[in-house]
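Enquirer: One structure is given below, represented as structure tokens, and several questions about it will come after.
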Amino acid sequence: MEIQSSGRPIDVLMEKVLSVNILSSDYFKELYRLKTYHEVIDEIYNQVDHVEPWMTGNCRGPSSAFCLLYKFFTMKLTVKQMHGLLKHPDSPYIRAVGFLYLRYVAEPKTLWSWYEPYIKDDEEFSPGSNGKMTTMGVYVRDLLLGQYYFDSLLPRVPLPILRQVTGHLEKMKLPTKQSGITGDSSRLGSDDTARRPPSVKASLSVSFGQRAPHRASTRDSSPVRKTLPSARDRERSSDGERARSSPRRRRSRSHERDHDSERDRSDRDRGRHKDREHDRHAREDRDRDYRRSSYSSRNVDRQGRERRDRDSDRHGRSSARRSRSRSRSPNRGRTEGDDKARRDSGTEEVIRLGGARWR
């Protein structure tokens, strides 16, 4: 049965710069020949003399311990194999690699159940390359309580689980703070040599898979290997730098304020220009709509007037025709009567002119 893990991939759990350097190292590529769990344990027994993430001395790159740890990541250990690592009698570094595997891979809420039997383990060894000795119990407590491990970053333990761990340690009357054997609680507080390359590019600038760099002067010329200043030296240098740069900062701040005010004024001018343009377009649209509406109303009025004029003309012509027809009808009656009377009078005249002859 596999160990209950957090479910996240190892390249997310481990620092990116460290995992990239491990996968790129020549030593890790040589580990492809190891096929079984026991072969990897034998390699740890023969090659590992500290469990720091990075090589020390006149070398650069990931340490043998972390290359072999990553090899275990690819094999996905079972619960039985993990118990074999944690109880291995031959070398404390085999056990330390097992505890590191759990710290990276195991579900955080299961860490206490794995580590509790070894909290008071008194086997002594030196986890770092500086030769400082400690017990396995102190090493395990530092792994549980800390997030930084020799200037490298461990997966974060949720705060509720960390409170539970602290409560268990208090019940066992054990310290609830780190001992400092695996590094301080932050990277800034370390006074030891900076063994962690600042970037992948810097770590790849020398063939770190080998046991020695290309040049003997690499350690002296490398910016990575220089000794970090102490906290007091850092404070003094920061105070001096702050005092030297204060006038420059004031000038830069005033320049930034002027630049910001100029930018604000230009933004306001652009905003006002946009508002004026918007108002102008709105007025043009209103004028255009008004002209269209007035033109349509005038057109309607004109059409109404024309229609009324046509109706009035038609009515006038029809009334004129009716009046002429009425005026012609009496004249016609009078002329007919006159003609008839004229004819009757002519007959009478003829008859009178005839006299007695017609009779």
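Order determines the names: the first chain of the structure tokens is A, the second B, and so forth; residues in each chain are numbered 1 upward, and ligands are numbered 1 upward as they are shown.
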Using only C-alpha atoms, determine which residues lie at most 12 Å from Lys132 (chain A), disregarding the query and same-chain residues fewer than 5 positions distant; provide the list as a PyMOL selection string.
Expert: chain A and resi 50+124-127+139+180-183
Enquirer: So which residues touch Trp114 (chain A) within 10 Å, counting only C-alpha atoms, skipping near sequence neighbours fewer than 3 positions away, as a PyMOL selection string?
Expert: chain A and resi 82-83+86+99+102-103+106+109-111+117-119
Enquirer: Do a neighbour search on region 87-96 of chain A at 7 Å with only C-alpha atoms, toss out local chain neighbours closer than 6 positions, and write the hits as a PyMOL selection string.
Expert: chain A and resi 41+44-45+48+125
Enquirer: Which distance in Å separates CA of Gly167 (chain A) and CA of Glu123 (chain A), to one decimal?
Expert: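 CA of Gly167 (chain A) sits 24.4 Å away from CA of Glu123 (chain A).
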Enquirer: Between CA of Val140 (chain A) and CA of Tyr115 (chain A), what distance in Å does the model show, to one decimal?
Expert: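 That distance, rounded to one decimal, is 6.9 Å.
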